[in-house]
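The structure under discussion appears below in the form of structure tokens.
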Amino acid sequence: MNIFQLELFPEEVEKIDLTTPKIQCLLSSLHSCSGAKERWSARKQQGLTDRELEAAIAYEFGIWGGSTHPFSHTHKGGKQPKFWLGDDWIHGKPTFQGRELIDLVRKLLDIP
């Protein structure tokens, strides 16, 4: 028996269900401007700090926007980008913001 056995899969990586409305709409918001796919590809190649990623999310969200496809959702850029699923964006708490938004986008788009 080898005491120094190599552990190939040290931890399970949490998988994200890409079919949920929240994730579909967030991806839509992150790609709502022309050229977004190419910009995200370049960002993936270079890697981003958390601040750089937050700025990139804000850039792609723009000042304010949203859509009703695939479900109603709204996004806001600026210094603190936010994302809402549904119609309660005026008074409702954002679905994703801050650290949760940054970590989720990093995982979704595989940005180192």
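Every chain in the structure tokens takes a letter, A first, then B, and so on in the order presented; its residues are numbered from 1, and the ligands are numbered from 1 following the presented order.
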
(request) Would you list, as a ChimeraX atom specification, the residues of chain A that end up in alpha helix (DSSP H) under DSSP run on this structure's backbone? (result) /A:21-30,36-46,50-61,98-108

(request) For Arg51 (chain A), please output as a PyMOL selection string all residues within 12 Å (counting only C-alpha atoms; exclusion window: fewer than 4 positions along the same chain). (result) chain A and resi 47+55-58+79-81+98-99+102-103+106

(request) Quick one: everything within 12 Å of Cys33 (chain A), counting only C-alpha atoms, minus sequence neighbours fewer than 3 positions away in the same chain. Send it as a ChimeraX atom specification. (result) /A:27-30,36-40,57-66

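Minimum distance to Thr19 (chain A) across A:Gly78, A:Gly92, A:Pro112, A:Pro70 (counting only C-alpha atoms) occurs at A:Pro70.
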
(message) Counting only C-alpha atoms, which residue out of A:Gly77, A:Lys44, A:Lys82, A:Pro21 sits closest to Leu108 (chain A)?
(response) A:Lys44

(request) Could you tell me how far CA of Lys22 (chain A) lies from CA of Leu85 (chain A), in Å and to one decimal? (result)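 Distance reported for this atom pair: 6.3 Å.
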
(request) as number ranges by chain, list the residues of chain A assigned to strand (DSSP E) by DSSP on the backbone atoms of this structure. (result) A: 64-67, 73-76, 82-85, 96-97

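Take CA of Thr74 (chain A) and CA of Asp17 (chain A): the distance between them is 20.3 Å.
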
(request) Considering only C-alpha atoms, state which residue in the set A:Phe96, A:Asp110, A:Ala42, A:His69 is at the smallest distance from Gln24 (chain A). (result)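 Looking at the shortest contact to Gln24 (chain A), the residue is A:His69.
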